[in-house]
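Okay, entry_16.txt now, which holds compact mmCIF, C-alpha atoms:
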# COMPACT_ATOMS: atom_id res chain seq x y z
CA MET V 1 60.69 48.98 38.13
CA ARG V 2 58.77 51.88 39.59
CA ARG V 3 55.57 50.24 38.41
CA THR V 4 56.21 46.94 40.14
CA TRP V 5 57.08 48.26 43.61
CA PRO V 6 53.60 47.83 45.10
CA LEU V 7 53.56 44.13 44.23
CA LEU V 8 57.07 43.59 45.54
CA LEU V 9 56.22 45.50 48.71
CA ILE V 10 53.23 43.28 49.40
CA LEU V 11 55.03 40.04 48.61
CA PHE V 12 57.96 40.86 50.82
CA ALA V 13 55.81 42.28 53.62
CA THR V 14 53.91 38.99 53.99
CA PRO V 15 56.83 36.99 55.41
CA ALA V 16 56.28 38.62 58.79
CA LEU V 17 52.80 37.11 58.90
CA THR V 18 53.32 33.38 59.20
CA HIS V 19 54.57 30.76 61.64
CA VAL V 20 58.21 29.75 61.21
CA PRO V 21 58.12 26.38 59.48
CA ALA V 22 60.53 23.55 60.22
CA ARG V 23 60.70 19.84 59.50
CA LEU V 24 61.05 17.35 62.34
CA HIS V 25 62.87 14.02 62.10
CA ALA V 26 62.20 11.22 64.58
CA ASP V 27 65.86 10.30 64.86
CA ALA V 28 67.04 13.76 65.94
CA VAL V 29 65.98 16.13 68.70
CA TYR V 30 64.97 19.46 67.19
CA VAL V 31 66.02 22.53 69.17
CA LEU V 32 63.52 25.33 68.66
CA PRO V 33 65.74 28.26 67.61
CA ARG V 34 63.35 31.10 68.50
CA PRO V 35 60.86 29.87 71.11
CA GLU V 36 59.34 33.32 71.55
CA VAL V 37 58.15 33.20 67.92
CA SER V 38 55.41 30.93 66.62
CA SER V 39 56.37 27.77 64.78
CA ALA V 40 54.77 25.21 62.52
CA LEU V 41 56.72 21.99 62.97
CA PHE V 42 55.94 19.33 60.38
CA GLY V 43 56.82 15.66 60.44
CA GLU V 44 55.64 12.28 59.25
CA PHE V 45 54.99 9.01 61.03
CA LEU V 46 56.38 6.41 58.64
CA THR V 47 55.94 3.45 61.02
CA GLY V 48 53.62 4.92 63.66
CA ALA V 49 56.14 4.12 66.40
CA GLU V 50 58.19 7.32 66.13
CA HIS V 51 58.72 9.70 69.03
CA PHE V 52 59.51 13.26 67.92
CA VAL V 53 61.22 15.52 70.46
CA VAL V 54 61.54 19.31 70.35
CA LYS V 55 63.65 21.13 72.95
CA VAL V 56 62.38 24.53 74.07
CA THR V 57 64.18 26.98 76.34
CA HIS V 58 62.52 30.03 77.85
CA ALA V 59 64.01 32.71 80.10
CA THR V 60 60.74 32.96 82.04
CA ARG V 61 57.63 30.82 82.18
CA PHE V 62 55.90 31.35 78.85
CA GLY V 63 52.25 30.99 77.91
CA ALA V 64 51.53 29.69 74.40
CA PRO V 65 48.81 27.87 72.51
CA ILE V 66 49.77 24.46 71.15
CA GLU V 67 47.85 22.23 68.76
CA ILE V 68 48.55 19.33 66.48
CA LEU V 69 47.32 19.28 62.89
CA VAL V 70 46.69 16.46 60.46
CA PRO V 71 46.04 17.06 56.73
CA HIS V 72 42.33 16.87 55.97
CA GLN V 73 42.58 13.84 53.71
CA ALA V 74 40.28 10.83 53.80
CA ASP V 75 43.03 8.30 54.46
CA LEU V 76 44.21 10.26 57.52
CA PHE V 77 40.83 10.42 59.22
CA THR V 78 41.88 8.05 62.01
CA HIS V 79 45.39 9.53 62.34
CA ARG V 80 45.40 11.33 65.69
CA PRO V 81 48.92 12.10 66.89
CA ALA V 82 49.25 13.32 70.49
CA TRP V 83 51.54 15.92 72.02
CA ALA V 84 52.90 16.74 75.47
CA VAL V 85 54.98 19.45 77.09
CA VAL V 86 57.35 17.73 79.49
CA GLY V 87 59.41 19.60 82.03
CA PRO V 88 60.04 20.52 85.65
CA GLY V 89 57.30 22.32 87.53
CA LEU V 90 54.49 21.06 85.31
CA PRO V 91 51.53 19.19 86.83
CA ALA V 92 51.40 15.41 87.00
CA PRO V 93 49.43 13.94 84.09
CA ASN V 94 46.40 11.77 84.84
CA ALA V 95 46.61 7.98 84.66
CA GLU V 96 45.38 7.73 81.07
CA GLU V 97 47.85 10.34 79.88
CA LEU V 98 50.70 8.79 81.84
CA ALA V 99 50.00 5.39 80.30
CA ALA V 100 49.86 6.89 76.82
CA LEU V 101 53.21 8.71 76.99
CA PRO V 102 55.80 7.29 74.58
CA ALA V 103 58.55 7.32 77.22
CA PRO V 104 58.72 7.44 81.02
CA LEU V 105 58.66 10.90 82.59
CA PRO V 106 62.08 11.89 83.93
CA ALA V 107 62.21 12.19 87.72
CA GLY V 108 60.83 15.50 88.96
CA PHE V 109 59.15 16.25 85.65
CA GLY V 110 55.47 16.84 85.01
CA ALA V 111 53.59 17.06 81.73
CA VAL V 112 50.72 18.77 80.01
CA VAL V 113 49.34 16.17 77.62
CA ASP V 114 46.80 16.40 74.81
CA LEU V 115 45.81 12.98 73.47
CA ASN V 116 43.93 14.56 70.55
CA GLN V 117 40.57 13.09 71.46
CA VAL V 118 38.22 15.99 70.68
CA ASP V 119 35.25 14.64 68.75
CA PRO V 120 34.06 15.62 66.19
CA ARG V 121 37.50 16.72 65.07
CA PRO V 122 37.66 20.47 64.51
CA VAL V 123 38.81 21.58 61.05
CA ILE V 124 40.83 24.69 60.27
CA PHE V 125 41.84 26.44 57.08
CA GLU V 126 45.47 27.53 56.97
CA SER V 127 45.59 30.45 54.56
CA VAL V 128 49.32 30.61 53.81
CA MET V 129 49.64 27.12 52.34
CA ARG V 130 45.88 27.08 51.63
CA ARG V 131 45.41 23.74 53.32
CA PHE V 132 42.75 22.24 55.51
CA TYR V 133 43.70 20.36 58.65
CA TRP V 134 42.04 18.47 61.41
CA THR V 135 43.24 19.97 64.66
CA SER V 136 43.48 18.61 68.17
CA GLY V 137 42.16 22.03 69.17
CA PRO V 138 44.62 24.61 70.50
CA LEU V 139 45.36 24.46 74.23
CA ALA V 140 46.86 27.36 76.20
CA VAL V 141 49.83 26.07 78.18
CA VAL V 142 52.41 27.75 80.43
CA LEU V 143 55.81 26.31 79.57
CA PRO V 144 58.34 26.20 82.41
CA LYS V 145 61.31 28.51 82.83
CA GLY V 146 64.45 26.93 81.43
CA GLU V 147 64.44 23.80 79.33
CA SER V 148 61.41 21.71 78.49
CA GLU V 149 60.50 19.30 75.73
CA LEU V 150 57.62 18.90 73.32
CA TRP V 151 56.88 15.26 72.62
CA ILE V 152 54.85 14.13 69.61
CA TRP V 153 53.81 10.56 69.06
CA SER V 154 51.03 8.46 67.58
CA PRO V 155 49.11 6.61 70.33
CA GLY V 156 47.24 4.50 67.77
CA HIS V 157 50.46 3.81 65.84
CA THR V 158 48.83 5.33 62.77
CA ARG V 159 50.99 6.63 59.95
CA GLY V 160 50.91 9.95 58.16
CA LYS V 161 51.94 13.58 58.25
CA PHE V 162 51.33 16.04 61.05
CA GLY V 163 52.09 19.63 61.96
CA LEU V 164 52.56 21.02 65.44
CA GLY V 165 51.39 24.61 65.82
CA TYR V 166 53.20 26.43 68.60
CA GLY V 167 52.88 30.02 69.77
CA VAL V 168 51.30 33.18 68.43
CA GLU V 169 53.86 35.84 67.49
CA GLU V 170 54.43 35.29 63.79
CA GLY V 171 57.89 35.81 62.39
CA GLY V 172 58.20 33.37 59.54
CA GLY V 173 57.33 33.41 55.91
CA TYR V 174 57.32 32.09 52.43
CA MET V 175 61.08 32.13 52.04
CA ALA V 176 61.52 29.65 54.92
CA ALA V 177 58.74 27.48 53.50
CA LEU V 178 60.55 27.19 50.17
CA GLN V 179 63.28 25.05 51.74
CA GLU V 180 60.88 22.10 52.21
CA TRP V 181 58.11 23.28 49.94
CA SER V 182 56.80 19.91 48.78
CA PHE V 183 56.69 18.59 52.35
CA TYR V 184 54.76 21.57 53.73
CA ALA V 185 52.52 22.20 50.75
CA TYR V 186 51.32 18.71 49.74
CA MET Y 1 49.53 49.02 33.10
CA ARG Y 2 48.47 51.98 35.21
CA PHE Y 3 45.32 50.04 36.09
CA ILE Y 4 47.42 47.18 37.43
CA VAL Y 5 49.53 49.53 39.55
CA LEU Y 6 46.44 51.20 40.96
CA LEU Y 7 44.80 47.88 41.70
CA VAL Y 8 47.85 46.50 43.49
CA THR Y 9 48.26 49.70 45.48
CA ALA Y 10 44.59 49.67 46.48
CA LEU Y 11 44.82 46.05 47.56
CA GLY Y 12 47.98 46.84 49.49
CA VAL Y 13 46.30 49.71 51.31
CA ALA Y 14 43.32 47.50 52.04
CA GLY Y 15 45.58 44.66 53.02
CA CYS Y 16 45.36 44.98 56.75
CA TRP Y 17 44.73 41.21 56.92
CA GLY Y 18 41.70 41.87 59.13
CA ASP Y 19 40.95 44.32 61.89
CA PRO Y 20 42.26 43.93 65.44
CA VAL Y 21 39.79 42.40 67.87
CA SER Y 22 39.24 42.71 71.60
CA GLN Y 23 40.51 40.24 74.17
CA SER Y 24 38.03 37.42 74.72
CA SER Y 25 36.42 36.84 78.09
CA GLY Y 26 37.90 33.32 78.05
CA CYS Y 27 41.46 34.61 77.66
CA HIS Y 28 40.84 37.27 80.30
CA ALA Y 29 39.68 34.50 82.66
CA TRP Y 30 42.56 32.13 81.75
CA VAL Y 31 45.17 34.85 82.41
CA ALA Y 32 43.48 35.72 85.71
CA CYS Y 33 43.42 32.06 86.71
CA ILE Y 34 47.12 31.53 85.91
CA ARG Y 35 47.98 34.65 87.93
CA ALA Y 36 45.82 33.45 90.83
CA LEU Y 37 47.40 29.98 90.80
CA ASP Y 38 50.85 31.63 90.72
CA ASP Y 39 49.94 33.69 93.78
CA VAL Y 40 48.78 30.59 95.66
CA ALA Y 41 51.93 28.68 94.66
CA ASP Y 42 54.13 31.71 95.34
CA ALA Y 43 55.61 31.18 91.87
CA GLY Y 44 57.76 34.31 92.06
CA GLU Y 45 58.46 35.77 88.63
CA PRO Y 46 55.18 36.12 86.71
CA ALA Y 47 54.70 34.04 83.58
CA ASN Y 48 54.95 35.81 80.23
CA LEU Y 49 51.36 35.84 79.02
CA ASP Y 50 51.70 39.01 76.93
CA ARG Y 51 50.11 37.59 73.80
CA PHE Y 52 46.87 36.71 75.58
CA VAL Y 53 46.24 40.02 77.38
CA GLU Y 54 44.30 42.95 75.91
CA GLY Y 55 46.36 44.42 73.06
CA GLY Y 56 48.48 41.24 72.80
CA PHE Y 57 49.43 39.55 69.55
CA CYS Y 58 46.42 37.21 69.76
CA TRP Y 59 44.12 40.10 69.00
CA ASN Y 60 45.95 41.43 65.91
CA ASN Y 61 43.49 39.81 63.53
CA PRO Y 62 40.42 37.55 63.62
CA SER Y 63 42.31 34.47 62.44
CA LEU Y 64 44.85 34.61 65.27
CA ALA Y 65 42.12 35.51 67.73
CA GLU Y 66 40.10 32.43 66.82
CA GLY Y 67 42.98 30.13 67.79
CA CYS Y 68 43.71 32.00 71.00
CA ILE Y 69 40.06 32.03 72.08
CA SER Y 70 39.84 28.29 71.62
CA ALA Y 71 43.19 27.76 73.40
CA CYS Y 72 42.17 29.86 76.41
CA ASP Y 73 38.74 28.21 76.68
CA ARG Y 74 40.27 24.74 76.66
CA GLY Y 75 43.10 25.82 78.97
CA LEU Y 76 40.69 27.33 81.46
CA ALA Y 77 38.42 24.28 81.42
CA ARG Y 78 41.43 22.07 82.09
CA LEU Y 79 42.66 24.26 84.96
CA ARG Y 80 39.23 24.16 86.58
CA GLU Y 81 38.90 20.43 86.05
CA ARG Y 82 42.33 19.46 87.34
CA ASN Y 83 42.89 21.73 90.33
CA ASP Y 84 41.13 20.42 93.42
CA VAL Y 85 41.39 23.73 95.23
CA LEU Y 86 40.62 26.64 92.94
CA PRO Y 87 41.66 30.14 93.96
CA GLU Y 88 39.03 32.85 93.64
CA GLY Y 89 40.57 34.07 90.38
CA CYS Y 90 39.83 30.75 88.68
CA LYS Y 91 36.21 30.35 89.62
CA PRO Y 92 33.51 30.86 86.99
CA MET M 1 51.90 14.09 7.01
CA ARG M 2 54.56 16.27 5.39
CA THR M 3 51.91 17.77 3.13
CA GLU M 4 49.71 18.65 6.11
CA ALA M 5 52.64 20.27 7.88
CA ALA M 6 53.48 22.25 4.76
CA VAL M 7 49.88 23.45 4.44
CA LEU M 8 49.86 24.47 8.09
CA CYS M 9 53.08 26.42 7.57
CA VAL M 10 51.62 28.22 4.62
CA VAL M 11 48.42 29.01 6.47
CA LEU M 12 50.32 30.33 9.47
CA ALA M 13 52.73 32.29 7.35
CA SER M 14 49.90 33.87 5.40
CA GLY M 15 48.59 35.57 8.50
CA ALA M 16 45.39 33.56 8.62
CA TRP M 17 45.52 33.60 12.42
CA ALA M 18 44.77 37.32 12.49
CA GLU M 19 41.73 38.01 14.67
CA THR M 20 38.31 38.45 13.09
CA PRO M 21 37.91 42.25 12.99
CA ALA M 22 34.37 42.18 14.32
CA SER M 23 34.95 39.83 17.24
CA HIS M 24 34.16 41.37 20.59
CA PHE M 25 33.79 38.19 22.60
CA GLU M 26 36.17 35.41 23.44
CA VAL M 27 35.57 32.21 25.42
CA ASN M 28 38.47 30.21 26.82
CA VAL M 29 38.43 26.88 28.62
CA PRO M 30 41.80 26.40 30.28
CA LEU M 31 42.88 23.53 32.49
CA GLU M 32 44.62 24.73 35.64
CA VAL M 33 46.77 23.49 38.49
CA THR M 34 46.96 25.57 41.67
CA LEU M 35 50.30 24.99 43.33
CA VAL M 36 49.44 26.49 46.73
CA GLY M 37 46.51 24.44 48.04
CA LEU M 38 46.84 21.71 45.44
CA THR M 39 43.87 21.49 43.09
CA PHE M 40 43.25 20.58 39.46
CA GLY M 41 40.38 21.61 37.23
CA VAL M 42 38.99 24.04 34.71
CA ARG M 43 38.62 27.80 34.85
CA PRO M 44 36.40 28.86 31.92
CA GLU M 45 36.44 32.56 31.11
CA VAL M 46 34.57 35.05 28.95
CA LEU M 47 36.31 38.15 27.63
CA TYR M 48 34.68 41.19 26.12
CA ARG M 49 36.35 43.93 24.16
CA PRO M 50 34.34 47.11 24.72
CA ALA M 51 36.23 49.22 22.17
CA SER M 52 36.82 48.73 18.47
CA ALA M 53 38.52 45.70 16.98
CA GLY M 54 42.27 45.59 17.34
CA THR M 55 42.37 47.42 20.67
CA VAL M 56 44.18 45.60 23.45
CA SER M 57 41.79 46.07 26.36
CA LYS M 58 39.36 43.33 27.36
CA LEU M 59 37.17 42.73 30.37
CA ARG M 60 37.42 39.25 31.86
CA LEU M 61 34.98 37.15 33.87
CA ALA M 62 36.07 33.68 34.98
CA PHE M 63 34.77 30.95 37.20
CA GLY M 64 36.80 27.90 38.14
CA VAL M 65 35.91 24.44 39.40
CA LEU M 66 38.97 22.70 40.79
CA GLY M 67 39.34 19.74 43.11
CA GLY M 68 42.24 18.36 45.12
CA PRO M 69 43.08 15.90 47.89
CA GLU M 70 41.85 18.30 50.58
CA GLN M 71 39.34 20.65 49.04
CA LEU M 72 37.01 21.83 46.32
CA PHE M 73 38.14 25.24 45.04
CA LEU M 74 35.72 27.64 43.31
CA PRO M 75 37.30 30.97 42.31
CA LEU M 76 35.34 33.82 40.71
CA SER M 77 37.37 36.53 38.96
CA LEU M 78 36.58 39.86 37.36
CA GLY M 79 39.28 41.87 35.73
CA TYR M 80 41.13 43.40 32.86
CA ARG M 81 43.32 41.71 30.27
CA ALA M 82 45.58 43.39 27.78
CA HIS M 83 45.88 41.32 24.61
CA PHE M 84 48.79 42.51 22.49
CA ARG M 85 49.79 41.89 18.89
CA GLN M 86 46.53 40.29 17.93
CA ALA M 87 47.47 39.91 14.28
CA ASP M 88 50.58 37.89 15.09
CA LEU M 89 51.02 34.20 15.73
CA VAL M 90 52.28 34.75 19.28
CA GLN M 91 50.18 37.22 21.24
CA PRO M 92 51.31 38.37 24.70
CA LEU M 93 48.70 38.60 27.44
CA VAL M 94 48.81 40.40 30.76
CA GLY M 95 46.00 41.10 33.17
CA ALA M 96 44.85 41.84 36.68
CA GLY M 97 41.63 41.99 38.61
CA ILE M 98 39.77 41.06 41.73
CA GLU M 99 38.99 37.55 42.85
CA LEU M 100 36.62 35.90 45.30
CA GLN M 101 37.74 32.41 46.26
CA HIS M 102 35.56 29.73 47.80
CA ARG M 103 37.08 26.63 49.39
CA TRP M 104 34.99 23.78 50.56
CA VAL M 105 35.48 20.67 52.67
CA ARG M 106 32.73 18.46 54.02
CA ASP M 107 32.98 19.34 57.71
CA LEU M 108 33.58 23.09 57.65
CA PRO M 109 31.52 26.02 56.35
CA VAL M 110 32.74 27.40 53.02
CA VAL M 111 35.92 29.47 53.41
CA ARG M 112 35.82 32.72 51.44
CA GLN M 113 38.82 34.87 50.62
CA PHE M 114 38.96 38.06 48.63
CA GLY M 115 41.85 39.80 46.93
CA GLY M 116 43.44 40.39 43.60
CA TYR M 117 45.03 38.40 40.82
CA PHE M 118 47.64 38.98 38.15
CA GLU M 119 48.26 36.94 35.05
CA PHE M 120 50.63 36.83 32.17
CA GLY M 121 51.12 34.50 29.26
CA VAL M 122 50.75 34.07 25.55
CA ALA M 123 48.06 33.11 23.09
CA PHE M 124 48.95 31.21 19.93
CA ALA M 125 46.62 31.88 17.01
CA VAL M 126 45.70 28.58 15.36
CA THR M 127 43.05 30.04 13.06
CA ALA M 128 41.29 33.40 12.89
CA GLN M 129 38.96 32.28 15.69
CA LEU M 130 40.77 29.50 17.49
CA ARG M 131 43.56 30.12 19.98
CA VAL M 132 45.69 28.09 22.35
CA GLN M 133 46.63 29.96 25.51
CA VAL M 134 49.23 29.36 28.16
CA LEU M 135 49.14 31.60 31.22
CA PHE M 136 50.62 31.81 34.68
CA GLY M 137 48.40 33.25 37.37
CA LEU M 138 49.30 34.76 40.71
CA ASP M 139 46.77 35.77 43.32
CA LEU M 140 47.06 37.67 46.56
CA MET M 141 44.24 37.19 49.04
CA LEU M 142 43.80 39.89 51.63
CA LEU M 143 40.47 39.33 53.30
CA GLY M 144 39.39 36.05 54.84
CA GLY M 145 42.99 34.97 55.51
CA PRO M 146 46.10 36.32 53.82
CA GLY M 147 47.90 34.22 51.28
CA VAL M 148 49.59 34.08 47.93
CA GLY M 149 48.76 31.48 45.33
CA PHE M 150 50.03 30.69 41.88
CA GLY M 151 49.76 28.17 39.12
CA PRO M 152 49.80 27.59 35.39
CA ARG M 153 46.82 27.14 33.11
CA ALA M 154 46.51 26.22 29.48
CA GLY M 155 43.65 25.63 27.10
CA VAL M 156 41.83 26.61 23.97
CA GLY M 157 39.81 29.71 23.20
CA TRP M 158 37.32 30.85 20.61
CA CYS M 159 36.66 34.39 19.38
CA PHE M 160 33.27 35.46 18.03
Written as structure tokens, how would this file's structure read?
Amino acid sequence: MRRTWPLLLILFATPALTHVPARLHADAVYVLPRPEVSSALFGEFLTGAEHFVVKVTHATRFGAPIEILVPHQADLFTHRPAWAVVGPGLPAPNAEELAALPAPLPAGFGAVVDLNQVDPRPVIFESVMRRFYWTSGPLAVVLPKGESELWIWSPGHTRGKFGLGYGVEEGGGYMAALQEWSFYAY
Amino acid sequence: MRFIVLLVTALGVAGCWGDPVSQSSGCHAWVACIRALDDVADAGEPANLDRFVEGGFCWNNPSLAEGCISACDRGLARLRERNDVLPEGCKP
Amino acid sequence: MRTEAAVLCVVLASGAWAETPASHFEVNVPLEVTLVGLTFGVRPEVLYRPASAGTVSKLRLAFGVLGGPEQLFLPLSLGYRAHFRQADLVQPLVGAGIELQHRWVRDLPVVRQFGGYFEFGVAFAVTAQLRVQVLFGLDLMLLGGPGVGFGPRAGVGWCF
């Protein structure tokens, strides 16, 4: 046992070095349990018409980078899901963004919208799952105090998997990933 | 077996996952711009931007820094593009 | 068929799988699946025993070519392997070393990671020179992006 401690130490130290993974379902609002910690929220457009919603609550206005990822696979090249932060106190989106939103903005709400139109699409390597993704490109956003929502949808009604990267402070790890391993890893 | 233990220990000691890096000029400018816009809007309580400032979590390793740099650059460009009246702190 | 099986049993029981005393080199060509960052391919390896025959210590050099739905994976490994009970039918293997991993997609520069690997498994002696190996590998990358990977590999090897 004494001989294996360095390996165990390293393996169990790594969990503090990843985003917290979670799986989103279009038919249920996901409440982000620890919005101060970074998350990797994965889902799949089965019809292309889904609207994923994540509720986020912050005690003060909170700056975070947000990006949407698509697996770097040939058949997903045209799959460009979009995301928006929707909440009170946010700026009004422009006309194109407003028209693209999957649902009307609630009264008094604004939105920061990224329609995932950066071209050529940037590619990133994610070293924990060892996967390559196309990214919308991270965007620094200040989320409002109190409750806001992250919306994810597919403007082109394309189908396929996606991951939403949110935040910086890493507090997740391999153990959490094991719960939905096949969904996150492949 | 001793070789394996030594190797693992050496890798563990070396395993700093990359050296910390300095805050980027883009993130410095984005934070300054958010603060300036808050002052103009009299936003009250300052936004929590801890991760983007010098010594923040963004700068713990090169991989995190890369994402933050890109996020700040895009965020700053958007602020400049979408605010008709830019406070001094947001100007290039 | 029964006769062939009986001959094989006799050959195995006679200890004919014992390693050639003079062999210092070994070449293995295992097929591999990496389960973190899904890829499939081959990872040929050359092993060299610097000391006298029958000693357990071998140096290992391996280079893999593996492809998957998202990437081409080219790992280069240098390390140590302990090869136990070389005169038996079932021969335990355990090893460790350093590894440089290259990952390639069309629209991004090659991603390089560096760290260590560990392996354990068994070799089955088919003849004095021919072996079938089954191993499980685990790697821990530290530079170029942290991460842990693992996967099984199996193939044939030749001692000379």
6 Å contacts from chain Y to chain V using all atoms listed in the file, as an MDAnalysis selection string: chainID Y and resid 9 47:49 71:72 74:75
Could you tell me which of V:Ala84, V:Ala111, V:Leu76, V:Leu150 comes closest to chain M if we count all atoms listed in the file? V:Leu76
So which one's closest to chain V, M:Leu66, M:Cys159, M:Met141, M:Val29? Using all atoms listed in the file, please.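 Going through M:Leu66, M:Cys159, M:Met141, M:Val29 one by one, the smallest distance to chain V is for M:Met141.
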Could you tell me how far atom CA of Gln133 of chain M lies from atom CA of Val90 of chain M, in Å and to one decimal?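 Atom-to-atom, atom CA of Gln133 of chain M and atom CA of Val90 of chain M are spaced 9.7 Å apart.
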Can you tell me how far atom CA of Ile69 of chain Y sits from atom CA of Pro102 of chain V, in Å to one decimal?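 That distance, rounded to one decimal, is 29.4 Å.
Residues lying at most 12 Å from (32.6, 27.7, 53.3) in file coordinates, with only C-alpha atoms considered, are Val123, Ile124, Phe125 and Phe132 of chain V; Gln71, Leu72, Phe73, Leu74, Gln101, His102, Arg103, Trp104, Val105, Arg106, Asp107, Leu108, Pro109, Val110, Val111, Arg112, Gln113 and Gly144 of chain M.
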Interface list for chain M, partner chain V, 6 Å threshold, only C-alpha atoms, as number ranges by chain: M: 36-37, 70, 145-147
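Distance criterion 10 Å to chain Y, applied with only C-alpha atoms, yields Gly79, Tyr80, Arg81, Ala82, Val94, Gly95, Ala96, Gly97, Ile98, Phe114, Gly115, Gly116, Tyr117, Phe118, Leu140, Met141, Leu142, Leu143, Gly144, Gly145, Pro146 and Gly147 of chain M on chain M.
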Hey, can you spit out that residue selection with C-alpha atoms as an mmCIF file, keeping the file's coordinate frame?
data_model
loop_
_atom_site.group_PDB
_atom_site.id
_atom_site.type_symbol
_atom_site.label_atom_id
_atom_site.label_comp_id
_atom_site.auth_asym_id
_atom_site.auth_seq_id
_atom_site.Cartn_x
_atom_site.Cartn_y
_atom_site.Cartn_z
ATOM 1 C CA GLY M 79 39.280 41.870 35.730
ATOM 2 C CA TYR M 80 41.130 43.400 32.860
ATOM 3 C CA ARG M 81 43.320 41.710 30.270
ATOM 4 C CA ALA M 82 45.580 43.390 27.780
ATOM 5 C CA VAL M 94 48.810 40.400 30.760
ATOM 6 C CA GLY M 95 46.000 41.100 33.170
ATOM 7 C CA ALA M 96 44.850 41.840 36.680
ATOM 8 C CA GLY M 97 41.630 41.990 38.610
ATOM 9 C CA ILE M 98 39.770 41.060 41.730
ATOM 10 C CA PHE M 114 38.960 38.060 48.630
ATOM 11 C CA GLY M 115 41.850 39.800 46.930
ATOM 12 C CA GLY M 116 43.440 40.390 43.600
ATOM 13 C CA TYR M 117 45.030 38.400 40.820
ATOM 14 C CA PHE M 118 47.640 38.980 38.150
ATOM 15 C CA LEU M 140 47.060 37.670 46.560
ATOM 16 C CA MET M 141 44.240 37.190 49.040
ATOM 17 C CA LEU M 142 43.800 39.890 51.630
ATOM 18 C CA LEU M 143 40.470 39.330 53.300
ATOM 19 C CA GLY M 144 39.390 36.050 54.840
ATOM 20 C CA GLY M 145 42.990 34.970 55.510
ATOM 21 C CA PRO M 146 46.100 36.320 53.820
ATOM 22 C CA GLY M 147 47.900 34.220 51.280
#
Counting only C-alpha atoms, which residue out of Y:Arg82, Y:Ala77, Y:Val53, Y:Lys91 sits closest to Ser24 of chain Y?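 Checking each of Y:Arg82, Y:Ala77, Y:Val53, Y:Lys91 against Ser24 of chain Y, counting only C-alpha atoms, the winner is Y:Val53.
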For Ala41 of chain Y: contacts at 12 Å, all atoms listed in the file, fewer than 3 positions along chain excluded, given as a list in words: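 What passes the distance filter is Gly89 of chain V; Ile34, Arg35, Ala36, Leu37, Asp38, Gly44, Glu45, Pro46, Val85, Leu86 and Pro87 of chain Y.
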From the set M:Tyr48, M:Phe124, M:Phe63, M:Phe25, which residue has the shortest atom-to-atom contact distance to Gln86 of chain M, counting only C-alpha atoms? M:Phe124
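The space between atom CA of Gly171 of chain V and atom CA of Gln23 of chain Y spans 21.5 Å.
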Excluding Phe45 of chain V and residues on its chain fewer than 4 positions from it, collect all residues at most 7 Å away from it, counting only C-alpha atoms, and give them as a PDB file with C-alpha atoms, in the frame of the given file.
ATOM      1  CA  GLU V  50      58.190   7.320  66.130  1.00  0.00           C
ATOM      2  CA  ARG V 159      50.990   6.630  59.950  1.00  0.00           C
ATOM      3  CA  GLY V 160      50.910   9.950  58.160  1.00  0.00           C
ATOM      4  CA  LYS V 161      51.940  13.580  58.250  1.00  0.00           C
TER       5      LYS V 161
END
